[in-house]
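A.B. asks: First, the structure itself, so that you have it in front of you.
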Amino acid sequence: MKDLTGLFVVVVLVFLSGGTVETVPDSGYCIVNQCFTVVQDPIDFTTARDQCRGQGGHLMTVRSSVSHDVLYILLGNFTGQFWIGLHLLTGCPDAAAGLKGFQWVTKDNESDFFNWAPGFDSSCSSHRCVSVSKESDFKWTQEPCGEQAAGFLCEFSFSEPCKSLAVTEGETVSYMTPMGFGGEDMLSLPPGSIATRMPSESKYLCFSEQWLQAPWNCEILEGGCEHKCVENPKEAPSCYCPAGQSVNPANNVTCDVVPDDPCAALGCEHACYKDGDSHVCICDHGFKLAADGRSCVDFNDCTDQRQCPGENFRCINTVGGFQCVCKEGYSLSGSLCVDQDECASAPCEHMCDNTPGSYKCSCYDGHIVDPKSPNKCKLHCGEEECDAQCDPNDVFQCYCPDGYVKEERDEGAFCIDIDECSFFYCDQGCVNTFGSYVCSCNPGFTLVGEYRCVKDDKGTVTDGGMGGKTAATTPDIPTTPSIPPPDPTRQPSGVTVGGLVGIIVCTVFFIVLIVFLAHHFLNRGGKMESAGALKAHEDEGHSLHRVTSDTS
């Protein structure tokens with residue numbers, strides 16, 4: 001048997017190329033170190049390209065007359081247009097060049113064969129993708145990339161292929177490739193291919209130009225076993241069958257019904273195998289035999305450092321196995337774990353720097369990262385006095401960091417450090433710092449709650465390194481009201497809703513009072529004028545009466 005490192009290559013081939021084929025091809029053909037597949041699926045060029053890439057290949061490149069002949073084999077029984085790996089990325093076609101300015105999906109323009117359809121459109125608005133069909137004798141036809149073709153052709157390259165197995169009279173061999181297609185008349189097989197010889201039902205795995213007979217490594221398609229594969233204490237893979245059946249000794253992989261099952265009396269949780277003249281219990285891959293010799297318990301596969309060897313992968317143990325996943329900050333792209341650009345989702349309030357597997361937030365000048373929320377920023381001065389941060393749209397809206405007070409001057413607004421120690425927040429010692437303060441205690445006391453000093457129970461003397469006092473971190477006590485600044489174009493109102501209602505009521509009352517007083521004074525003036533007129537009339541009457549009397 002080959003070593004584990006070599007077999008791991010097969011695991012990758014089988015499970016990434018063949019074991020998880022998303023789209024099963026309708027036909028395929030292999031020659032030398034290349035395999036080609038045809039898939040009938042009405043999709044556009046980009047989707048077809050991505051599906052081929054997802055299976056470890058690319059859209060077919062028809063660079064030579066040999067690959068052109070393969071088209072007859074692949075599409076001989078199919079009708080309609082099928083995408084090949086030729087397209088025009090940018091610019092206009094070049095009618096004088098062999099590929100007309102087009103490029104293979106392998107990002108090159110090397111070709112010994114050209115087969116353009118008549119009437120090539122060299123205008124800048126021409127179609128930029130290429131398809132072939134049996135109806136057009138497999139001429140390269142320009143097509144709109146966004147339209148759906150009848151299907152597409154994929155190409156896969158490999159090394160160390162296997163030749164077909166020799167057969168004797170009465171035998172047949174069928175093959176299945178990792179790409180998902182198979183047959184009997186195959187001359188070259190890629191690594192990871194499975195061969196089944198009939199009528200013995202023996203199975204073989206292609207690896208490094210050789211055919212390994214089953215059972216092979218249990219991690220690869222259950223070792224080729226019909227039921228389950230286990231590794232016995234001698235670390236040799238072997239097949240086992242369900243209760244009432246035993247492994248066929250002719251091929252060591254299939255299960256046959258037996259009248260007397262020697263394993264039935266053992267009561268094995270998983271299976272048993274023949275060890276010399278007796279049978280003993282054995283466990284599935286990913287489990288180990290318990291102390292009772294019958295039960296099976298899971299063991300941590302991730303303790304094997306050889307698991308998940310790819311860069312930026314990590315191993316997760318599961319019951320009976322393990323999974324390879326990407327580390328935090330990485331995502332799977334094909335068969336690789338690539339770094340995620342977390343900054344694309346704008347997680348930081350100010351600036352974001354992407355780092356391998358993570359990201360780091362930073363802040364504009366005059367701000368620092370908020371320790372309580374690393375993706376946020378808060379105002380910072382770091383000096384006894386600094387300029388206030390003012391709204392560019394409203395110079396009267398200025399703000400200071402916590403622990404500072406705003407002071408208006410002729411030359412602008414400034415932030416002045418508050419001496420919190422003058423407010424006696426601390427029980428004993430206090431040291432003012434820029435934007436905050438630090439409490440400390442005398443010897444024989446312990447700082448509690450960041451600002452209270454409690455006498456030690458045992459009277460022990462402690463020295464916090466601050467002049468014989470016990471130092472503490474900055475207390476979590478608000479020193480100034482923390483009001484978040486509004487948006488740059490908004491100005492917070494200085495009047496509450498209740499205050500506004502009061503102002504309106506008082507204004508209405510004042511107006512009513514003025515009107516009432518004005519009306520009152522006007523009425524009083526009118527009455528006084530009437531009384532004066534009446535008195536003057538009476539005086540005139542009296543005067544006339546005296547004149548009349550005197551005349552008499």
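Each chain of the structure tokens is named A, B, ... in the order shown, its residues numbered from 1; ligands are numbered from 1 in display order.
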Could you list, as number ranges by chain, every residue within 10 Å of Asp26 of chain A, counting only C-alpha atoms and ignoring same-chain residues fewer than 3 positions away?
C.D. replies: A: 23, 37-41, 74, 78, 180-181
A.B. asks: Could you turn the residues from that selection into a file that holds all heavy atoms, as an mmCIF file, in the first residue's frame?
C.D. replies:
data_model
loop_
_atom_site.group_PDB
_atom_site.id
_atom_site.type_symbol
_atom_site.label_atom_id
_atom_site.label_comp_id
_atom_site.auth_asym_id
_atom_site.auth_seq_id
_atom_site.Cartn_x
_atom_site.Cartn_y
_atom_site.Cartn_z
ATOM 1 N N THR A 23 -23.013 18.603 -11.298
ATOM 2 C CA THR A 23 -23.747 18.346 -12.527
ATOM 3 C C THR A 23 -23.174 17.097 -13.180
ATOM 4 O O THR A 23 -22.021 17.091 -13.608
ATOM 5 C CB THR A 23 -23.636 19.542 -13.490
ATOM 6 O OG1 THR A 23 -24.095 20.718 -12.831
ATOM 7 C CG2 THR A 23 -24.453 19.297 -14.738
ATOM 8 N N THR A 37 -15.896 16.528 -21.019
ATOM 9 C CA THR A 37 -17.267 16.140 -20.711
ATOM 10 C C THR A 37 -18.238 17.074 -21.424
ATOM 11 O O THR A 37 -17.900 18.232 -21.725
ATOM 12 C CB THR A 37 -17.558 16.200 -19.203
ATOM 13 O OG1 THR A 37 -17.381 17.546 -18.740
ATOM 14 C CG2 THR A 37 -16.644 15.260 -18.434
ATOM 15 N N VAL A 38 -19.440 16.552 -21.701
ATOM 16 C CA VAL A 38 -20.502 17.354 -22.275
ATOM 17 C C VAL A 38 -21.687 17.335 -21.311
ATOM 18 O O VAL A 38 -22.069 16.273 -20.815
ATOM 19 C CB VAL A 38 -20.918 16.849 -23.677
ATOM 20 C CG1 VAL A 38 -21.254 15.365 -23.651
ATOM 21 C CG2 VAL A 38 -22.092 17.649 -24.211
ATOM 22 N N VAL A 39 -22.232 18.506 -21.024
ATOM 23 C CA VAL A 39 -23.361 18.638 -20.105
ATOM 24 C C VAL A 39 -24.494 19.348 -20.832
ATOM 25 O O VAL A 39 -24.311 20.467 -21.335
ATOM 26 C CB VAL A 39 -22.976 19.428 -18.839
ATOM 27 C CG1 VAL A 39 -24.182 19.571 -17.916
ATOM 28 C CG2 VAL A 39 -21.832 18.755 -18.105
ATOM 29 N N GLN A 40 -25.645 18.689 -20.911
ATOM 30 C CA GLN A 40 -26.832 19.318 -21.484
ATOM 31 C C GLN A 40 -27.564 20.085 -20.385
ATOM 32 O O GLN A 40 -28.261 19.493 -19.562
ATOM 33 C CB GLN A 40 -27.751 18.264 -22.113
ATOM 34 C CG GLN A 40 -27.437 17.932 -23.554
ATOM 35 C CD GLN A 40 -28.558 17.142 -24.205
ATOM 36 O OE1 GLN A 40 -28.978 16.110 -23.699
ATOM 37 N NE2 GLN A 40 -29.024 17.627 -25.343
ATOM 38 N N ASP A 41 -27.375 21.396 -20.366
ATOM 39 C CA ASP A 41 -27.996 22.240 -19.352
ATOM 40 C C ASP A 41 -28.105 23.643 -19.938
ATOM 41 O O ASP A 41 -27.088 24.292 -20.175
ATOM 42 C CB ASP A 41 -27.151 22.248 -18.076
ATOM 43 C CG ASP A 41 -27.847 22.967 -16.931
ATOM 44 O OD1 ASP A 41 -29.038 23.295 -17.066
ATOM 45 O OD2 ASP A 41 -27.198 23.197 -15.890
ATOM 46 N N LEU A 74 -17.864 13.765 -28.705
ATOM 47 C CA LEU A 74 -18.705 14.261 -27.613
ATOM 48 C C LEU A 74 -20.101 14.640 -28.074
ATOM 49 O O LEU A 74 -21.101 14.326 -27.417
ATOM 50 C CB LEU A 74 -18.038 15.476 -26.950
ATOM 51 C CG LEU A 74 -16.737 15.235 -26.181
ATOM 52 C CD1 LEU A 74 -16.151 16.569 -25.722
ATOM 53 C CD2 LEU A 74 -16.975 14.341 -24.974
ATOM 54 N N PHE A 78 -25.799 14.864 -30.041
ATOM 55 C CA PHE A 78 -26.480 16.008 -29.438
ATOM 56 C C PHE A 78 -26.712 17.094 -30.477
ATOM 57 O O PHE A 78 -25.913 17.267 -31.409
ATOM 58 C CB PHE A 78 -25.652 16.584 -28.274
ATOM 59 C CG PHE A 78 -25.432 15.604 -27.152
ATOM 60 C CD1 PHE A 78 -24.257 14.866 -27.076
ATOM 61 C CD2 PHE A 78 -26.396 15.425 -26.175
ATOM 62 C CE1 PHE A 78 -24.049 13.974 -26.029
ATOM 63 C CE2 PHE A 78 -26.194 14.536 -25.134
ATOM 64 C CZ PHE A 78 -25.025 13.805 -25.061
ATOM 65 N N GLY A 180 -17.567 11.826 -13.195
ATOM 66 C CA GLY A 180 -18.953 11.393 -13.171
ATOM 67 C C GLY A 180 -19.424 10.649 -14.407
ATOM 68 O O GLY A 180 -20.612 10.376 -14.544
ATOM 69 N N PHE A 181 -18.544 10.300 -15.329
ATOM 70 C CA PHE A 181 -18.940 9.501 -16.488
ATOM 71 C C PHE A 181 -18.059 8.259 -16.545
ATOM 72 O O PHE A 181 -16.974 8.203 -15.932
ATOM 73 C CB PHE A 181 -18.818 10.313 -17.789
ATOM 74 C CG PHE A 181 -17.392 10.581 -18.205
ATOM 75 C CD1 PHE A 181 -16.717 9.728 -19.056
ATOM 76 C CD2 PHE A 181 -16.721 11.708 -17.737
ATOM 77 C CE1 PHE A 181 -15.406 9.964 -19.434
ATOM 78 C CE2 PHE A 181 -15.410 11.961 -18.108
ATOM 79 C CZ PHE A 181 -14.757 11.086 -18.962
#
A.B. asks: Would you write out, as a tab-separated table, a table of all residues in segment 16-59 of chain A that have an atom no more than 10 Å from an atom of segment 83-87 of chain A, listing for each the closest atom pair and the distance in Å to one decimal, considering only C-alpha atoms and ordering rows by chain and rising residue number?
C.D. replies:
residue	atom	partner	partner_atom	distance
A:Val38	CA	A:Trp83	CA	9.8
A:Val39	CA	A:Trp83	CA	9.9
A:Ile43	CA	A:Trp83	CA	9.3
A:Asp44	CA	A:Trp83	CA	8.4
A:Phe45	CA	A:Trp83	CA	6.5
A:Thr46	CA	A:Trp83	CA	9.8
A:Ala48	CA	A:Trp83	CA	7.5
A:Arg49	CA	A:Gly85	CA	7.6
A:His58	CA	A:Gly85	CA	7.3
A:Leu59	CA	A:Gly85	CA	4.4
A.B. asks: Tell me, as a compact mmCIF listing (two decimals) with N, CA, C and O atoms, in the first residue's frame, which residues lie within 7 Å of Ile282 of chain A, counting only C-alpha atoms; anything in the same chain fewer than 4 positions away does not count.
C.D. replies:
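For reference, result09.txt as written:
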# COMPACT_ATOMS: atom_id res chain seq x y z
N ASN A 232 -8.45 -2.81 10.78
CA ASN A 232 -8.27 -3.75 11.90
C ASN A 232 -7.05 -3.34 12.72
O ASN A 232 -6.33 -2.42 12.35
N HIS A 270 -20.60 -2.73 16.14
CA HIS A 270 -20.44 -2.39 14.73
C HIS A 270 -20.24 -3.64 13.88
O HIS A 270 -21.10 -3.98 13.08
N ALA A 271 -19.14 -4.30 14.02
CA ALA A 271 -18.86 -5.44 13.15
C ALA A 271 -17.80 -6.33 13.79
O ALA A 271 -17.24 -6.01 14.85
N CYS A 272 -17.55 -7.46 13.12
CA CYS A 272 -16.45 -8.33 13.55
C CYS A 272 -15.68 -8.79 12.33
O CYS A 272 -16.15 -8.70 11.20
N TYR A 273 -14.47 -9.25 12.57
CA TYR A 273 -13.67 -9.78 11.46
C TYR A 273 -12.96 -11.03 11.94
O TYR A 273 -12.82 -11.29 13.14
N LEU A 289 -12.51 0.57 19.79
CA LEU A 289 -13.16 -0.45 20.59
C LEU A 289 -13.05 -0.11 22.07
O LEU A 289 -12.00 0.27 22.58
A.B. asks: Which residues are near Ala97 of chain A? Cut-off 12 Å, only C-alpha atoms, ignore same chain within fewer than 5 positions. Put them as an MDAnalysis selection string.
C.D. replies: chainID A and resid 92 102:103 109:111 114 116 122
A.B. asks: Can you spit out the residues from that selection as a PDB file, in the first residue's frame, using N, CA, C and O atoms?
C.D. replies:
ATOM      1  N   CYS A  92     -12.280  45.645 -29.019  1.00  0.00           N
ATOM      2  CA  CYS A  92     -12.958  45.211 -30.245  1.00  0.00           C
ATOM      3  C   CYS A  92     -12.219  44.023 -30.856  1.00  0.00           C
ATOM      4  O   CYS A  92     -11.024  43.832 -30.629  1.00  0.00           O
ATOM      5  N   PHE A 102      -9.855  37.274 -29.465  1.00  0.00           N
ATOM      6  CA  PHE A 102     -10.490  36.498 -28.397  1.00  0.00           C
ATOM      7  C   PHE A 102      -9.412  35.801 -27.552  1.00  0.00           C
ATOM      8  O   PHE A 102      -8.245  35.730 -27.942  1.00  0.00           O
ATOM      9  N   GLN A 103      -9.821  35.266 -26.422  1.00  0.00           N
ATOM     10  CA  GLN A 103      -8.888  34.633 -25.488  1.00  0.00           C
ATOM     11  C   GLN A 103      -9.531  33.393 -24.887  1.00  0.00           C
ATOM     12  O   GLN A 103     -10.740  33.352 -24.652  1.00  0.00           O
ATOM     13  N   ASN A 109      -3.801  33.008 -25.407  1.00  0.00           N
ATOM     14  CA  ASN A 109      -4.321  32.962 -26.778  1.00  0.00           C
ATOM     15  C   ASN A 109      -3.491  32.033 -27.661  1.00  0.00           C
ATOM     16  O   ASN A 109      -3.414  32.232 -28.882  1.00  0.00           O
ATOM     17  N   GLU A 110      -2.877  31.030 -27.054  1.00  0.00           N
ATOM     18  CA  GLU A 110      -2.090  30.059 -27.822  1.00  0.00           C
ATOM     19  C   GLU A 110      -3.030  29.056 -28.483  1.00  0.00           C
ATOM     20  O   GLU A 110      -3.904  28.480 -27.837  1.00  0.00           O
ATOM     21  N   SER A 111      -2.846  28.854 -29.789  1.00  0.00           N
ATOM     22  CA  SER A 111      -3.701  27.917 -30.516  1.00  0.00           C
ATOM     23  C   SER A 111      -3.045  27.537 -31.837  1.00  0.00           C
ATOM     24  O   SER A 111      -2.484  28.392 -32.526  1.00  0.00           O
ATOM     25  N   PHE A 114      -7.737  26.981 -35.844  1.00  0.00           N
ATOM     26  CA  PHE A 114      -8.729  28.047 -35.913  1.00  0.00           C
ATOM     27  C   PHE A 114      -9.879  27.570 -36.789  1.00  0.00           C
ATOM     28  O   PHE A 114      -9.653  27.017 -37.866  1.00  0.00           O
ATOM     29  N   TRP A 116     -13.223  29.475 -37.334  1.00  0.00           N
ATOM     30  CA  TRP A 116     -14.290  30.460 -37.236  1.00  0.00           C
ATOM     31  C   TRP A 116     -15.363  30.217 -38.297  1.00  0.00           C
ATOM     32  O   TRP A 116     -15.079  29.805 -39.422  1.00  0.00           O
ATOM     33  N   SER A 122     -16.614  41.690 -36.955  1.00  0.00           N
ATOM     34  CA  SER A 122     -15.478  42.334 -36.297  1.00  0.00           C
ATOM     35  C   SER A 122     -15.843  43.689 -35.696  1.00  0.00           C
ATOM     36  O   SER A 122     -14.952  44.429 -35.269  1.00  0.00           O
TER      37      SER A 122
END
A.B. asks: Determine which residues of segment 191-321 of chain A receive a DSSP assignment of strand (DSSP E), computed from the backbone, and state them as number ranges by chain.
C.D. replies: A: 194-198, 202-207, 210-213, 228-231, 237-240, 245-247, 255-257, 271-275, 278-282, 287-289, 296-298, 313-318, 321
A.B. asks: Could you tell me which of A:Ala250, A:Ala166, A:Ala265, A:Cys229 comes closest to Glu201 of chain A if we count only C-alpha atoms?
C.D. replies: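 The closest residue to Glu201 of chain A is A:Ala250.
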A.B. asks: Can you pull out the residues contacting Ile73 of chain A? Cut-off 9 Å, using only C-alpha atoms, and skip same-chain residues under 4 positions away; I want them as a list in words.
C.D. replies: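 Within the cut-off, the hits are Gly28, Tyr29, Asp69 and Asn77 of chain A.
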A.B. asks: Write the residues you've just listed into a file as a compact mmCIF listing (two decimals), in the first residue's frame, and include all heavy atoms for each of them.
C.D. replies:
# COMPACT_ATOMS: atom_id res chain seq x y z
N GLY A 28 -18.68 11.70 -21.95
CA GLY A 28 -17.32 12.10 -21.69
C GLY A 28 -16.33 11.26 -22.48
O GLY A 28 -16.67 10.19 -23.00
N TYR A 29 -15.10 11.78 -22.55
CA TYR A 29 -14.07 11.07 -23.30
C TYR A 29 -12.72 11.48 -22.74
O TYR A 29 -12.47 12.65 -22.44
CB TYR A 29 -14.16 11.43 -24.79
CG TYR A 29 -13.12 10.72 -25.64
CD1 TYR A 29 -13.27 9.38 -25.98
CD2 TYR A 29 -12.00 11.41 -26.11
CE1 TYR A 29 -12.33 8.74 -26.77
CE2 TYR A 29 -11.05 10.78 -26.90
CZ TYR A 29 -11.22 9.44 -27.22
OH TYR A 29 -10.29 8.80 -27.99
N ASP A 69 -11.34 16.97 -33.18
CA ASP A 69 -11.90 15.65 -33.46
C ASP A 69 -12.69 15.12 -32.27
O ASP A 69 -13.65 14.36 -32.44
CB ASP A 69 -10.79 14.67 -33.82
CG ASP A 69 -10.12 15.03 -35.15
OD1 ASP A 69 -10.76 15.76 -35.95
OD2 ASP A 69 -8.97 14.61 -35.37
N ASN A 77 -24.14 12.84 -30.86
CA ASN A 77 -25.55 12.49 -30.62
C ASN A 77 -26.35 13.64 -30.01
O ASN A 77 -27.45 13.43 -29.50
CB ASN A 77 -25.64 11.28 -29.69
CG ASN A 77 -25.01 10.04 -30.31
OD1 ASN A 77 -25.13 9.80 -31.51
ND2 ASN A 77 -24.30 9.25 -29.49
A.B. asks: So that I can check the surroundings of Lys376 of chain A, please list as a ChimeraX atom specification every protein, DNA and RNA residue that reaches within 10 Å of it, counting only C-alpha atoms and ignoring chain neighbours fewer than 4 positions away.
C.D. replies: /A:347-351,361-363,367-372
